[in-house]
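Enquirer: What follows is model17.cif, mmCIF, C-alpha atoms.
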```cif
data_work
loop_
_atom_site.label_atom_id
_atom_site.label_comp_id
_atom_site.auth_asym_id
_atom_site.auth_seq_id
_atom_site.Cartn_x
_atom_site.Cartn_y
_atom_site.Cartn_z
CA MET J 1 -12.95 22.66 12.79
CA ALA J 2 -9.77 21.10 14.14
CA LYS J 3 -6.44 22.81 13.64
CA LYS J 4 -3.85 21.24 11.33
CA ALA J 5 -1.15 19.19 13.04
CA THR J 6 2.30 20.42 12.15
CA LYS J 7 4.42 17.68 13.74
CA ALA J 8 2.33 14.91 12.21
CA ALA J 9 1.76 16.55 8.82
CA LYS J 10 4.06 14.15 6.92
CA ASN J 11 2.78 11.02 8.68
CA VAL J 12 0.76 8.71 6.40
CA LEU J 13 -1.80 7.99 9.12
CA TYR J 14 -2.44 11.69 9.61
CA GLN J 15 -2.60 12.27 5.85
CA ALA J 16 -5.08 9.43 5.41
CA ARG J 17 -7.25 10.79 8.21
CA MET J 18 -7.20 14.28 6.69
CA GLU J 19 -8.15 12.90 3.28
CA ALA J 20 -11.01 10.98 4.89
CA ALA J 21 -12.07 14.15 6.71
CA THR J 22 -13.01 15.63 3.32
CA TRP J 23 -16.03 13.31 3.27
CA ASN J 24 -16.46 12.63 7.03
CA GLU J 25 -16.14 15.79 9.14
CA LYS J 26 -15.72 13.77 12.36
CA LEU J 27 -12.34 12.57 11.13
CA SER J 28 -10.99 16.12 11.00
CA SER J 29 -10.07 15.84 14.68
CA ARG J 30 -8.41 13.09 16.67
CA GLU J 31 -11.34 13.19 19.09
CA GLY J 32 -13.76 12.54 16.26
CA ALA J 33 -11.54 9.82 14.82
CA ALA J 34 -11.41 8.19 18.26
CA GLU J 35 -15.19 8.29 18.45
CA VAL J 36 -15.57 6.76 14.99
CA THR J 37 -12.84 4.10 15.24
CA GLY J 38 -12.87 3.24 18.94
CA ILE J 39 -9.12 3.88 19.18
CA ASP J 40 -8.15 6.21 22.01
CA ARG J 41 -7.50 9.82 20.96
CA THR J 42 -4.08 9.83 22.65
CA ARG J 43 -3.11 6.61 20.91
CA ILE J 44 -4.13 8.09 17.55
CA ALA J 45 -1.95 11.11 18.35
CA TYR J 46 1.04 8.93 19.23
CA MET J 47 0.60 6.88 16.05
CA GLU J 48 0.36 10.01 13.92
CA LEU J 49 3.42 11.48 15.62
CA GLY J 50 5.34 8.26 15.07
CA THR J 51 6.08 7.71 18.76
CA VAL J 52 4.31 4.33 18.85
CA THR J 53 3.97 1.64 16.22
CA PRO J 54 0.34 0.79 15.53
CA TYR J 55 -0.87 -2.76 15.96
CA PRO J 56 -1.85 -4.55 12.73
CA GLU J 57 -5.47 -4.61 13.93
CA GLU J 58 -5.43 -0.81 14.29
CA ILE J 59 -4.10 -0.41 10.75
CA LEU J 60 -6.86 -2.68 9.42
CA LEU J 61 -9.43 -0.62 11.29
CA LEU J 62 -8.04 2.75 10.15
CA ALA J 63 -7.64 1.55 6.55
CA ASP J 64 -11.30 0.60 6.59
CA TYR J 65 -12.67 3.74 8.30
CA TYR J 66 -10.45 6.08 6.27
CA ASN J 67 -10.98 4.18 3.00
CA ALA J 68 -7.20 4.00 2.76
CA PRO J 69 -6.14 0.46 1.79
CA GLU J 70 -2.66 1.87 1.10
CA LEU J 71 -2.18 2.06 4.89
CA MET J 72 -1.94 -1.74 4.98
CA ASN J 73 0.88 -1.76 2.44
CA HIS J 74 2.62 1.08 4.25
CA TYR J 75 2.41 -0.78 7.56
CA CYS J 76 3.73 -4.01 6.08
CA SER J 77 6.53 -2.41 4.07
CA HIS J 78 7.66 0.16 6.65
CA MET J 79 6.60 -0.86 10.18
CA CYS J 80 6.25 -4.64 10.39
CA PRO J 81 9.56 -6.38 11.18
CA LEU J 82 8.81 -9.25 8.77
CA GLY J 83 7.13 -7.17 6.10
CA LYS J 84 10.01 -4.69 5.89
CA GLN J 85 12.08 -7.55 4.48
CA THR J 86 9.48 -8.99 2.13
CA VAL J 87 6.85 -6.42 1.12
CA GLU J 88 7.51 -3.82 -1.56
CA PRO J 89 6.22 -0.33 -0.82
CA ILE J 90 3.45 0.74 -3.18
CA GLU J 91 2.78 4.27 -4.34
CA LEU J 92 -0.81 4.97 -5.29
CA LYS J 93 -1.07 6.43 -8.77
CA GLU J 94 -3.81 7.44 -11.12
CA LEU J 95 -5.75 4.48 -12.50
CA THR J 96 -4.68 5.19 -16.08
CA THR J 97 -0.98 5.41 -15.19
CA ALA J 98 -1.07 2.21 -13.12
CA THR J 99 -2.94 0.34 -15.86
CA LEU J 100 -0.53 1.40 -18.60
CA GLN J 101 2.49 0.53 -16.46
CA LEU J 102 1.06 -2.92 -15.77
CA LEU J 103 0.23 -3.55 -19.42
CA SER J 104 3.73 -2.46 -20.38
CA SER J 105 5.29 -4.95 -18.00
CA LEU J 106 2.98 -7.73 -19.21
CA ARG J 107 4.43 -7.39 -22.72
CA ASP J 108 7.47 -9.30 -21.44
CA ILE J 109 5.46 -12.34 -20.31
CA PRO J 110 5.85 -14.44 -23.50
CA GLU J 111 9.64 -13.92 -23.43
CA ILE J 112 9.77 -14.68 -19.69
CA THR J 113 7.69 -17.82 -20.21
CA ASP J 114 10.04 -19.12 -22.90
CA GLU J 115 13.13 -18.41 -20.77
CA LEU J 116 11.56 -20.04 -17.73
CA VAL J 117 10.64 -23.18 -19.69
CA ASP J 118 14.22 -23.43 -20.97
CA ILE J 119 15.62 -23.08 -17.46
CA ALA J 120 13.17 -25.48 -15.82
CA GLU J 121 13.32 -28.10 -18.56
CA ASP J 122 15.99 -30.21 -16.85
CA GLY J 123 14.79 -29.43 -13.31
CA VAL J 124 18.07 -27.74 -12.38
CA ILE J 125 19.18 -24.11 -12.39
CA ASP J 126 22.85 -24.28 -13.31
CA LYS J 127 25.41 -21.50 -13.02
CA ASP J 128 24.84 -20.40 -16.61
CA GLU J 129 21.09 -20.07 -16.01
CA ALA J 130 21.28 -18.30 -12.64
CA SER J 131 21.67 -14.83 -14.13
CA ALA J 132 18.71 -15.35 -16.47
CA MET J 133 16.62 -16.66 -13.56
CA GLU J 134 17.44 -13.57 -11.48
CA GLY J 135 16.32 -11.37 -14.39
CA ILE J 136 13.06 -13.32 -14.71
CA LEU J 137 12.35 -13.02 -11.00
CA ARG J 138 13.10 -9.28 -11.08
CA LYS J 139 10.63 -8.76 -13.95
CA LEU J 140 7.98 -10.85 -12.20
CA ARG J 141 8.41 -8.87 -8.96
CA GLN J 142 8.01 -5.63 -10.91
CA ALA J 143 4.83 -6.94 -12.54
CA ALA J 144 3.52 -8.15 -9.16
CA LYS J 145 4.10 -4.70 -7.66
CA LYS J 146 2.15 -3.11 -10.52
CA ILE J 147 -0.67 -5.62 -10.05
CA HIS J 148 -0.78 -4.83 -6.33
CA THR J 149 -0.86 -1.10 -7.10
CA LEU J 150 -3.84 -1.63 -9.37
CA GLU J 151 -5.57 -3.71 -6.67
CA LEU J 152 -5.13 -0.92 -4.10
CA ILE J 153 -6.46 1.69 -6.52
CA TYR J 154 -9.47 -0.51 -7.23
CA GLN J 155 -10.14 -1.09 -3.51
CA LYS J 156 -9.90 2.63 -2.79
CA LYS J 157 -12.20 3.60 -5.66
CA LEU J 158 -14.66 0.76 -5.03
CA CYS J 159 -15.17 1.90 -1.45
CA SER J 160 -14.99 5.63 -2.11
CA PRO J 161 -17.53 7.74 -0.19
CA GLY J 162 -20.92 7.72 -1.79
CA GLY J 163 -20.27 4.34 -3.42
CA GLU J 164 -19.06 5.80 -6.71
CA SER J 165 -15.59 5.58 -8.13
CA ASP J 166 -13.95 8.92 -8.73
CA GLY J 167 -12.04 8.98 -11.93
#
```
For the structure just supplied, provide its representation as structure tokens.
Expert:
Amino acid sequence: MAKKATKAAKNVLYQARMEAATWNEKLSSREGAAEVTGIDRTRIAYMELGTVTPYPEEILLLADYYNAPELMNHYCSHMCPLGKQTVEPIELKELTTATLQLLSSLRDIPEITDELVDIAEDGVIDKDEASAMEGILRKLRQAAKKIHTLELIYQKKLCSPGGESDG
């Protein structure tokens, strides 16, 4: 059994590998992960230590092998120069919590729809409507983030080891 990395312990790539190691023993070491993924052991170490930025293709590969779709969001929201400006970080939650939070935000949709129709009616967003439009966009972004969270949870549970969802 591989020893626990202390310097990389808080790194999301290391944490995802360790979680995957609970169902695939090979992933408990960087050597085993290298064998499984085809990514060099030293490169895995550097990525887990944060000394190199992974390539998007490596993140896609690791997300697949580790059954950790949240790695893609983490890469886009924290490592990618474009994504850092446009992608909201997602925190995986329990399915029930994520579902209730989404349903709660969807309660506002009829009100948002009415406001949006009023604003768009004349085809112009005037100064008086700008504040309302910003509020609408904020609520829609919050709902979109909750939808994305639910999608990630579904992907993770759909592809969980053994083919069964857990929870």
Enquirer: Given the PyMOL selection byres ((chain J and resi 133-136) around 10) and the file above, list the residues it selects as a PyMOL selection string.
Expert: chain J and resi 108-109+111-113+115-116+119-120+125-126+128-132+137-142
Enquirer: Would you save the residues of that selection, restricted to C-alpha atoms, as a PDB file, keeping the file's coordinate frame?
Expert:
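As written to disk, selection_29.pdb reads:
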```pdb
ATOM      1  CA  ASP J 108       7.470  -9.300 -21.440  1.00  0.00           C
ATOM      2  CA  ILE J 109       5.460 -12.340 -20.310  1.00  0.00           C
ATOM      3  CA  GLU J 111       9.640 -13.920 -23.430  1.00  0.00           C
ATOM      4  CA  ILE J 112       9.770 -14.680 -19.690  1.00  0.00           C
ATOM      5  CA  THR J 113       7.690 -17.820 -20.210  1.00  0.00           C
ATOM      6  CA  GLU J 115      13.130 -18.410 -20.770  1.00  0.00           C
ATOM      7  CA  LEU J 116      11.560 -20.040 -17.730  1.00  0.00           C
ATOM      8  CA  ILE J 119      15.620 -23.080 -17.460  1.00  0.00           C
ATOM      9  CA  ALA J 120      13.170 -25.480 -15.820  1.00  0.00           C
ATOM     10  CA  ILE J 125      19.180 -24.110 -12.390  1.00  0.00           C
ATOM     11  CA  ASP J 126      22.850 -24.280 -13.310  1.00  0.00           C
ATOM     12  CA  ASP J 128      24.840 -20.400 -16.610  1.00  0.00           C
ATOM     13  CA  GLU J 129      21.090 -20.070 -16.010  1.00  0.00           C
ATOM     14  CA  ALA J 130      21.280 -18.300 -12.640  1.00  0.00           C
ATOM     15  CA  SER J 131      21.670 -14.830 -14.130  1.00  0.00           C
ATOM     16  CA  ALA J 132      18.710 -15.350 -16.470  1.00  0.00           C
ATOM     17  CA  LEU J 137      12.350 -13.020 -11.000  1.00  0.00           C
ATOM     18  CA  ARG J 138      13.100  -9.280 -11.080  1.00  0.00           C
ATOM     19  CA  LYS J 139      10.630  -8.760 -13.950  1.00  0.00           C
ATOM     20  CA  LEU J 140       7.980 -10.850 -12.200  1.00  0.00           C
ATOM     21  CA  ARG J 141       8.410  -8.870  -8.960  1.00  0.00           C
ATOM     22  CA  GLN J 142       8.010  -5.630 -10.910  1.00  0.00           C
TER      23      GLN J 142
END
```
Enquirer: Of the candidates J:Ser104, J:Thr53, J:Thr149, J:Thr99, which one gets nearest to Cys80 (chain J) if we count only C-alpha atoms?
Expert: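 Between J:Ser104, J:Thr53, J:Thr149, J:Thr99, the residue approaching Cys80 (chain J) most closely is J:Thr53.
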Enquirer: Just the number, please: distance in Å from CA of Ile59 (chain J) to CA of Ala98 (chain J), one decimal.
Expert: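 So the two atoms, CA of Ile59 (chain J) and CA of Ala98 (chain J), lie 24.2 Å apart.
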Enquirer: Using all atoms listed in the file, pick whichever of J:Lys7, J:Tyr55, J:Leu62, J:Gly50 has the shortest atom-to-atom distance to Ala34 (chain J).
Expert: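 Closest to Ala34 (chain J), using all atoms listed in the file: J:Leu62.
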Enquirer: Quick check on the file I pasted: which residues fall under the PyMOL selection byres ((chain J and resi 44) around 9)? Write them as a PyMOL selection string.
Expert: chain J and resi 13-14+30-31+33-34+39-43+45-49+54
Enquirer: Write out as lines of an AutoDock Vina configuration file an axis-aligned box for region 95-105 of chain J: all of its atoms listed in the file, 5 Å added on each side, centre and edge lengths in Å with one decimal.
Expert:
```
center_x = -0.2
center_y = 0.2
center_z = -16.4
size_x = 21.0
size_y = 20.4
size_z = 17.9
```
Enquirer: Would you mind telling me which residue in J:Val124, J:Leu158, J:Ala68, J:Leu61 lies nearest to Met18 (chain J) when using all atoms listed in the file?
Expert: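 With all atoms listed in the file as the atom set, the closest residue is J:Ala68.
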Enquirer: Using only C-alpha atoms, can you tell me which of J:Val36, J:Leu102, J:Val87, J:Leu92 comes closest to Ile147 (chain J)?
Expert: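 Once distances to Ile147 (chain J) are computed over only C-alpha atoms, the minimum belongs to J:Leu102.
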Enquirer: Could you list the residues chosen by the PyMOL selection byres ((chain J and resi 152) around 9) in this structure as a PDB file with C-alpha atoms, in the frame of the given file?
Expert:
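Produced file expr-v3.pdb, reproduced below:
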```pdb
ATOM      1  CA  ALA J  68      -7.200   4.000   2.760  1.00  0.00           C
ATOM      2  CA  PRO J  69      -6.140   0.460   1.790  1.00  0.00           C
ATOM      3  CA  GLU J  70      -2.660   1.870   1.100  1.00  0.00           C
ATOM      4  CA  ASN J  73       0.880  -1.760   2.440  1.00  0.00           C
ATOM      5  CA  ILE J  90       3.450   0.740  -3.180  1.00  0.00           C
ATOM      6  CA  LEU J  92      -0.810   4.970  -5.290  1.00  0.00           C
ATOM      7  CA  ILE J 147      -0.670  -5.620 -10.050  1.00  0.00           C
ATOM      8  CA  HIS J 148      -0.780  -4.830  -6.330  1.00  0.00           C
ATOM      9  CA  THR J 149      -0.860  -1.100  -7.100  1.00  0.00           C
ATOM     10  CA  LEU J 150      -3.840  -1.630  -9.370  1.00  0.00           C
ATOM     11  CA  GLU J 151      -5.570  -3.710  -6.670  1.00  0.00           C
ATOM     12  CA  ILE J 153      -6.460   1.690  -6.520  1.00  0.00           C
ATOM     13  CA  TYR J 154      -9.470  -0.510  -7.230  1.00  0.00           C
ATOM     14  CA  GLN J 155     -10.140  -1.090  -3.510  1.00  0.00           C
ATOM     15  CA  LYS J 156      -9.900   2.630  -2.790  1.00  0.00           C
ATOM     16  CA  LYS J 157     -12.200   3.600  -5.660  1.00  0.00           C
TER      17      LYS J 157
END
```
Enquirer: Could you please determine the separation between CA of Ala21 (chain J) and CA of Leu60 (chain J) in Å, to one decimal place?
Expert: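 Between these atoms lies a distance of 17.8 Å.
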Enquirer: To one decimal place, how far is CA of Glu94 (chain J) from CA of Glu57 (chain J) in Å?
Expert: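 If I compute the distance from CA of Glu94 (chain J) to CA of Glu57 (chain J), I get 27.8 Å.
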